Structures are given as structure tokens and as C-alpha cells.
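As stored in entry-v3.pdb (PDB, C-alpha atoms, pLDDT in the B column):
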```
ATOM      1  CA  MET T   9     -95.001-147.356   0.052  1.00 81.00           C
ATOM      2  CA  ILE T  10     -96.396-144.058  -1.107  1.00 85.00           C
ATOM      3  CA  ARG T  11     -99.654-144.140  -3.070  1.00 81.00           C
ATOM      4  CA  SER T  12    -101.538-141.530  -5.032  1.00 83.00           C
ATOM      5  CA  GLU T  13    -104.374-142.311  -7.439  1.00 82.00           C
ATOM      6  CA  ASP T  14    -102.959-144.848  -9.931  1.00 91.00           C
ATOM      7  CA  ILE T  15     -99.296-144.416  -8.920  1.00 95.00           C
ATOM      8  CA  CYS T  16     -97.515-146.393  -6.218  1.00 95.00           C
ATOM      9  CA  LEU T  17     -93.908-145.779  -5.194  1.00 97.00           C
ATOM     10  CA  ARG T  18     -92.388-148.752  -3.415  1.00 95.00           C
ATOM     11  CA  PRO T  19     -88.842-149.508  -2.322  1.00 93.00           C
ATOM     12  CA  LEU T  20     -86.504-151.072  -4.853  1.00 89.00           C
ATOM     13  CA  SER T  21     -85.886-154.766  -4.201  1.00 88.00           C
ATOM     14  CA  ILE T  22     -83.732-157.551  -5.555  1.00 86.00           C
ATOM     15  CA  GLU T  23     -86.776-158.812  -7.476  1.00 91.00           C
ATOM     16  CA  ASP T  24     -86.584-155.625  -9.572  1.00 90.00           C
ATOM     17  CA  THR T  25     -83.142-156.495 -10.963  1.00 85.00           C
ATOM     18  CA  ASN T  26     -84.291-157.525 -14.445  1.00 87.00           C
ATOM     19  CA  PHE T  27     -86.500-154.449 -14.727  1.00 89.00           C
ATOM     20  CA  ILE T  28     -83.634-152.131 -13.691  1.00 86.00           C
ATOM     21  CA  LEU T  29     -81.298-153.828 -16.175  1.00 84.00           C
ATOM     22  CA  GLU T  30     -83.895-153.385 -18.915  1.00 84.00           C
ATOM     23  CA  LEU T  31     -84.195-149.662 -18.113  1.00 83.00           C
ATOM     24  CA  ARG T  32     -80.445-149.098 -17.864  1.00 80.00           C
ATOM     25  CA  ASN T  33     -79.467-151.110 -20.951  1.00 76.00           C
ATOM     26  CA  ASP T  34     -81.999-149.675 -23.411  1.00 76.00           C
ATOM     27  CA  LEU T  35     -79.896-148.002 -26.095  1.00 68.00           C
ATOM     28  CA  ASP T  36     -82.802-145.694 -26.980  1.00 72.00           C
ATOM     29  CA  ASP T  37     -82.359-144.151 -23.523  1.00 72.00           C
ATOM     30  CA  SER T  38     -78.641-143.454 -23.785  1.00 64.00           C
ATOM     31  CA  LEU T  39     -79.218-139.795 -22.865  1.00 64.00           C
ATOM     32  CA  SER T  40     -80.836-140.774 -19.570  1.00 69.00           C
ATOM     33  CA  TYR T  41     -77.603-141.954 -17.958  1.00 69.00           C
ATOM     34  CA  PHE T  42     -74.081-140.625 -17.837  1.00 69.00           C
ATOM     35  CA  SER T  43     -72.608-144.119 -17.497  1.00 67.00           C
ATOM     36  CA  ASP T  44     -71.713-146.314 -20.441  1.00 66.00           C
ATOM     37  CA  TYR T  45     -73.402-149.548 -21.485  1.00 64.00           C
ATOM     38  CA  PRO T  46     -73.917-152.293 -20.661  1.00 67.00           C
ATOM     39  CA  LEU T  47     -74.811-152.699 -17.011  1.00 67.00           C
ATOM     40  CA  TYR T  48     -74.433-156.344 -15.986  1.00 67.00           C
ATOM     41  CA  ASP T  49     -76.517-158.188 -13.414  1.00 70.00           C
ATOM     42  CA  PHE T  50     -73.497-158.889 -11.179  1.00 67.00           C
ATOM     43  CA  GLU T  51     -72.650-155.156 -11.157  1.00 71.00           C
ATOM     44  CA  HIS T  52     -76.210-154.350 -10.167  1.00 65.00           C
ATOM     45  CA  MET T  53     -76.094-156.930  -7.368  1.00 70.00           C
ATOM     46  CA  ASP T  54     -72.811-155.474  -6.043  1.00 67.00           C
ATOM     47  CA  TRP T  55     -74.370-152.001  -6.140  1.00 62.00           C
ATOM     48  CA  LEU T  56     -77.405-153.234  -4.176  1.00 71.00           C
ATOM     49  CA  LYS T  57     -75.150-154.706  -1.475  1.00 67.00           C
ATOM     50  CA  LYS T  58     -73.196-151.456  -1.079  1.00 70.00           C
ATOM     51  CA  LYS T  59     -76.139-149.126  -1.548  1.00 70.00           C
ATOM     52  CA  GLU T  60     -76.258-146.046   0.627  1.00 69.00           C
ATOM     53  CA  LYS T  61     -79.360-145.070   2.565  1.00 77.00           C
ATOM     54  CA  ASP T  62     -81.007-143.414  -0.404  1.00 88.00           C
ATOM     55  CA  ILE T  63     -84.674-143.311  -1.264  1.00 92.00           C
ATOM     56  CA  ASP T  64     -84.842-145.551  -4.326  1.00 91.00           C
ATOM     57  CA  MET T  65     -88.348-146.419  -5.439  1.00 95.00           C
ATOM     58  CA  ILE T  66     -89.963-148.418  -8.206  1.00 96.00           C
ATOM     59  CA  ILE T  67     -92.819-146.559  -9.864  1.00 97.00           C
ATOM     60  CA  GLU T  68     -95.840-148.795 -10.314  1.00 97.00           C
ATOM     61  CA  TYR T  69     -98.674-147.676 -12.549  1.00 96.00           C
ATOM     62  CA  LYS T  70    -101.877-149.644 -12.097  1.00 93.00           C
ATOM     63  CA  GLY T  71     -99.863-152.478 -10.578  1.00 91.00           C
ATOM     64  CA  GLN T  72     -97.181-152.660 -13.292  1.00 95.00           C
ATOM     65  CA  ARG T  73     -93.545-151.601 -13.004  1.00 96.00           C
ATOM     66  CA  ALA T  74     -93.349-148.362 -14.968  1.00 96.00           C
ATOM     67  CA  GLY T  75     -90.073-146.780 -13.843  1.00 96.00           C
ATOM     68  CA  ARG T  76     -87.821-145.706 -11.049  1.00 94.00           C
ATOM     69  CA  VAL T  77     -87.487-142.523  -8.998  1.00 97.00           C
ATOM     70  CA  ARG T  78     -84.735-141.850  -6.513  1.00 94.00           C
ATOM     71  CA  ILE T  79     -83.395-139.385  -4.009  1.00 96.00           C
ATOM     72  CA  THR T  80     -79.650-139.781  -3.485  1.00 93.00           C
ATOM     73  CA  ASN T  81     -76.727-137.929  -1.928  1.00 94.00           C
ATOM     74  CA  LEU T  82     -78.808-136.922   1.076  1.00 95.00           C
ATOM     75  CA  ASP T  83     -76.870-134.135   2.796  1.00 96.00           C
ATOM     76  CA  TYR T  84     -78.669-133.143   5.985  1.00 95.00           C
ATOM     77  CA  ARG T  85     -75.981-130.657   7.055  1.00 96.00           C
ATOM     78  CA  ASN T  86     -76.524-128.588   3.907  1.00 97.00           C
ATOM     79  CA  GLN T  87     -80.170-129.656   3.584  1.00 97.00           C
ATOM     80  CA  ARG T  88     -79.972-130.883   0.011  1.00 97.00           C
ATOM     81  CA  CYS T  89     -80.284-134.057  -2.028  1.00 97.00           C
ATOM     82  CA  GLU T  90     -80.200-135.260  -5.628  1.00 97.00           C
ATOM     83  CA  PHE T  91     -83.213-136.325  -7.717  1.00 98.00           C
ATOM     84  CA  GLY T  92     -83.416-138.844 -10.539  1.00 95.00           C
ATOM     85  CA  ILE T  93     -86.249-140.457 -12.486  1.00 96.00           C
ATOM     86  CA  HIS T  94     -86.565-142.846 -15.411  1.00 93.00           C
ATOM     87  CA  VAL T  95     -89.834-144.103 -16.869  1.00 95.00           C
ATOM     88  CA  HIS T  96     -89.897-147.174 -19.100  1.00 94.00           C
ATOM     89  CA  LYS T  97     -90.525-146.274 -22.742  1.00 92.00           C
ATOM     90  CA  ASN T  98     -93.807-148.247 -22.764  1.00 94.00           C
ATOM     91  CA  PHE T  99     -95.212-145.889 -20.109  1.00 95.00           C
ATOM     92  CA  ARG T 100     -94.142-142.512 -21.447  1.00 92.00           C
ATOM     93  CA  GLY T 101     -96.566-139.793 -22.436  1.00 93.00           C
ATOM     94  CA  MET T 102     -99.048-140.780 -19.735  1.00 94.00           C
ATOM     95  CA  GLY T 103     -98.056-138.250 -17.076  1.00 95.00           C
ATOM     96  CA  ILE T 104     -96.466-140.938 -14.896  1.00 96.00           C
ATOM     97  CA  ALA T 105     -93.085-139.204 -14.576  1.00 96.00           C
ATOM     98  CA  TYR T 106     -94.732-135.958 -13.526  1.00 97.00           C
ATOM     99  CA  LYS T 107     -97.007-137.641 -10.966  1.00 96.00           C
ATOM    100  CA  ALA T 108     -94.223-139.792  -9.495  1.00 97.00           C
ATOM    101  CA  GLY T 109     -91.839-136.837  -9.422  1.00 97.00           C
ATOM    102  CA  ARG T 110     -94.394-134.658  -7.678  1.00 96.00           C
ATOM    103  CA  ILE T 111     -95.079-137.396  -5.090  1.00 95.00           C
ATOM    104  CA  ILE T 112     -91.417-137.882  -4.151  1.00 97.00           C
ATOM    105  CA  ILE T 113     -90.591-134.144  -4.158  1.00 97.00           C
ATOM    106  CA  ASP T 114     -93.558-133.393  -1.899  1.00 95.00           C
ATOM    107  CA  TYR T 115     -92.602-136.308   0.352  1.00 95.00           C
ATOM    108  CA  VAL T 116     -89.006-135.080   0.727  1.00 96.00           C
ATOM    109  CA  PHE T 117     -89.956-131.475   1.455  1.00 97.00           C
ATOM    110  CA  GLN T 118     -92.681-132.466   3.927  1.00 95.00           C
ATOM    111  CA  ASN T 119     -90.792-135.194   5.788  1.00 95.00           C
ATOM    112  CA  LEU T 120     -87.058-134.520   5.623  1.00 95.00           C
ATOM    113  CA  PRO T 121     -84.884-131.567   6.676  1.00 96.00           C
ATOM    114  CA  ILE T 122     -84.198-130.774   3.019  1.00 97.00           C
ATOM    115  CA  ARG T 123     -84.517-127.292   1.504  1.00 97.00           C
ATOM    116  CA  LYS T 124     -83.059-127.990  -1.959  1.00 98.00           C
ATOM    117  CA  ILE T 125     -83.377-130.849  -4.438  1.00 98.00           C
ATOM    118  CA  TYR T 126     -80.993-130.759  -7.392  1.00 98.00           C
ATOM    119  CA  LEU T 127     -80.283-132.885 -10.445  1.00 98.00           C
ATOM    120  CA  TYR T 128     -77.930-133.190 -13.384  1.00 97.00           C
ATOM    121  CA  THR T 129     -79.077-133.938 -16.921  1.00 95.00           C
ATOM    122  CA  LEU T 130     -77.682-133.783 -20.406  1.00 94.00           C
ATOM    123  CA  GLU T 131     -78.631-130.471 -21.997  1.00 95.00           C
ATOM    124  CA  GLU T 132     -79.882-132.185 -25.138  1.00 92.00           C
ATOM    125  CA  ASN T 133     -82.258-134.455 -23.223  1.00 91.00           C
ATOM    126  CA  VAL T 134     -85.115-132.067 -23.977  1.00 93.00           C
ATOM    127  CA  ARG T 135     -87.845-134.428 -22.785  1.00 92.00           C
ATOM    128  CA  ALA T 136     -86.234-134.636 -19.342  1.00 94.00           C
ATOM    129  CA  VAL T 137     -85.475-130.903 -19.143  1.00 97.00           C
ATOM    130  CA  ASN T 138     -89.105-130.087 -19.936  1.00 97.00           C
ATOM    131  CA  LEU T 139     -90.338-132.529 -17.274  1.00 97.00           C
ATOM    132  CA  PHE T 140     -88.007-131.033 -14.676  1.00 98.00           C
ATOM    133  CA  LYS T 141     -89.163-127.501 -15.495  1.00 98.00           C
ATOM    134  CA  LYS T 142     -92.785-128.628 -15.188  1.00 97.00           C
ATOM    135  CA  LEU T 143     -91.946-130.059 -11.747  1.00 97.00           C
ATOM    136  CA  GLY T 144     -90.565-126.644 -10.730  1.00 96.00           C
ATOM    137  CA  PHE T 145     -86.829-127.116 -11.254  1.00 98.00           C
ATOM    138  CA  VAL T 146     -84.837-124.209 -12.665  1.00 98.00           C
ATOM    139  CA  ILE T 147     -81.484-124.280 -14.420  1.00 98.00           C
ATOM    140  CA  GLU T 148     -78.725-123.208 -12.050  1.00 98.00           C
ATOM    141  CA  GLY T 149     -75.877-123.625 -14.504  1.00 98.00           C
ATOM    142  CA  THR T 150     -74.343-125.403 -17.454  1.00 98.00           C
ATOM    143  CA  PHE T 151     -71.196-127.494 -17.393  1.00 97.00           C
ATOM    144  CA  ILE T 152     -69.757-127.025 -20.891  1.00 98.00           C
ATOM    145  CA  LYS T 153     -68.449-130.140 -22.676  1.00 97.00           C
ATOM    146  CA  GLU T 154     -68.486-131.942 -19.335  1.00 95.00           C
ATOM    147  CA  ILE T 155     -68.687-135.562 -20.434  1.00 92.00           C
ATOM    148  CA  PHE T 156     -67.727-137.586 -23.491  1.00 92.00           C
ATOM    149  CA  LYS T 157     -70.646-139.801 -24.462  1.00 86.00           C
ATOM    150  CA  ASP T 158     -71.570-141.574 -27.677  1.00 82.00           C
ATOM    151  CA  GLY T 159     -68.622-140.081 -29.517  1.00 87.00           C
ATOM    152  CA  LYS T 160     -68.948-136.417 -28.602  1.00 91.00           C
ATOM    153  CA  TRP T 161     -68.562-133.905 -25.780  1.00 95.00           C
ATOM    154  CA  ARG T 162     -71.846-133.043 -24.090  1.00 93.00           C
ATOM    155  CA  ASN T 163     -73.062-130.248 -21.854  1.00 96.00           C
ATOM    156  CA  ILE T 164     -74.599-131.024 -18.481  1.00 97.00           C
ATOM    157  CA  LEU T 165     -77.297-128.891 -16.848  1.00 97.00           C
ATOM    158  CA  ARG T 166     -77.636-128.566 -13.110  1.00 98.00           C
ATOM    159  CA  MET T 167     -81.215-127.864 -12.125  1.00 98.00           C
ATOM    160  CA  ALA T 168     -82.732-127.383  -8.692  1.00 98.00           C
ATOM    161  CA  ILE T 169     -85.911-126.684  -6.795  1.00 97.00           C
ATOM    162  CA  LEU T 170     -86.088-125.010  -3.399  1.00 97.00           C
ATOM    163  CA  ARG T 171     -88.647-125.870  -0.741  1.00 93.00           C
ATOM    164  CA  GLN T 172     -90.039-122.311  -0.713  1.00 80.00           C
ATOM    165  CA  ASN T 173     -90.778-122.532  -4.461  1.00 57.00           C
ATOM    166  CA  LEU T 174     -93.625-124.885  -3.608  1.00 53.00           C
ATOM    167  CA  ASP T 175     -95.289-122.641  -1.031  1.00 50.00           C
TER     168      ASP T 175
END
```

Show this structure as C-alpha cells.
Amino acid sequence: MIRSEDICLRPLSIEDTNFILELRNDLDDSLSYFSDYPLYDFEHMDWLKKKEKDIDMIIEYKGQRAGRVRITNLDYRNQRCEFGIHVHKNFRGMGIAYKAGRIIIDYVFQNLPIRKIYLYTLEENVRAVNLFKKLGFVIEGTFIKEIFKDGKWRNILRMAILRQNLD
């Protein structure tokens, strides 16, 4: 567990299944994921069984599940990994995503041989893009009409932050 003020990041567990399904299947958050709906409980359970050695944490705010933050695709040879975060709609606008993001980014850069953290997001997900910029990510490029989602072609941004940007 990683704690800071009113935020606690703890490892994802099987007991979080219903919470993860609620996050992933909320139609209001369709721009948060590239995958299509719905995500079923048996799919989630299969994913848990096959899960790689990622850092996948539940964000708790004052003892309540508030979201999820994860570091995936750890590539120690090239010293990079992928970042993702999703805060439940009932906990947005409280600075939780920023605090949790800052905690995990600092943890990765201080404890792992990682020099670059990158992410992919839909260009039109302005709320997410603004959060990522606030965390220090910069846009590295745009994949034009990269995915077909909700009836139209959408652009994907690749954003990244380098370890030295935090010094």
C-alpha cells in the first residue's frame, strides 16, 4: 500500500470485481476506454487469472473505493511503462486523480528502472488530457482516425513524461 494524506493506493483484488465492472461499464465514461461494452464478470475473472506483473491499484479516498490507477507494459530493457487512471464519477472534481497519479508516477520513477511513462488517450477526452498535462505529460504524437468507437473514427494521443522532467 502507498499512502499520502487522504489517498491510499492498494493492490487490486478479487473483492474489487464489482467496483471494476461498475467503472468499466458506465456508458458515461465511454471515452475512458478503447474497448467496447459491456465487460462481463467472467471476462474480468479470466483477466485476473492471466494478469501480467503490472502495478494495478485501487484508489481509496478516505477509506472508500474512488478509482483505479495502473502501470502496465513494464519494459525494463527500454526503461518505459504505460500509465492509466480512472476515477469513479462520484469522486471527480476533488483532485483525487491528480493526487493518485502523482503518487504512482513518483513511486515508479523513484523505485523502478524506468525513465519514461507513456499513455494513450482519445483526443476528445479533454478532461483526461488536461489531467495528464497537469501531471507533466506532453503530447508526443497523434494517431489520426486510429479507432472506430461509438459510430465514428477517433484520434488517439500518445503522451509521455520523462524522469528528468520531474527534477

T:Arg110, T:Arg162, T:Arg100, T:Lys59 ranked by distance to T:Lys142, top pick (using only C-alpha atoms):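 Of T:Arg110, T:Arg162, T:Arg100, T:Lys59, the one nearest T:Lys142, counting only C-alpha atoms, is T:Arg110.
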
Test item: residues at most 12 Å from stretch 115-118 of chain T, all atoms listed in the file, excluding those fewer than 3 positions along its chain, as an NGL selection string: :T and (9-12 or 17 or 62-63 or 78-80 or 82 or 84 or 87-91 or 108-112 or 121-125 or 169-175)

Residue with smallest distance to T:Glu51 - pool T:Thr25, T:Asn163, T:Gln72, T:Asn133, counting only C-alpha atoms: T:Thr25

Counting all atoms listed in the file, the residue of T:Leu165, T:Ala105, T:Ile155, T:Ile22 that sits nearest T:Leu139: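 Looking only at the distances to T:Leu139, the closest residue turns out to be T:Ala105.
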
Pairwise distance for atom CA of T:Asp49 and atom CA of T:Asp34, rounded to one decimal in Å: 14.2 Å

Å distance separating atom CA of T:Ile67 from atom CA of T:Val95, one decimal place: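 It comes out at 8.0 Å.
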
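The gap separating atom CA of T:Arg18 from atom CA of T:Met102 is 19.3 Å, in Å to one decimal.
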
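Compared by their closest atoms to T:Asp83, and using all atoms listed in the file, the residues T:Leu120, T:Met53, T:Ile104, T:Val134 rank with T:Leu120 nearest.
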
Residue list as a VMD selection string for point (-77.2, -125.0, -9.6), cut-off 6 Å, all atoms listed in the file: chain T and resid 148 to 149 166 to 167

Selection dump of the PyMOL selection byres ((chain T and resi 131) around 12), as a PyMOL selection string: chain T and resi 39-40+42+127-130+132-138+140+147+149-155+161-167

Nearest residue to T:Asp24 from the set T:Gly92, T:Gly101, T:Gly144, T:Gly75 (distances using only C-alpha atoms):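 Among the listed residues, the smallest separation from T:Asp24 belongs to T:Gly75.
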
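The residue that comes closest to T:Ile93, out of T:Lys141, T:Arg76, T:Arg32, T:Lys107 and on the basis of only C-alpha atoms, is T:Arg76.
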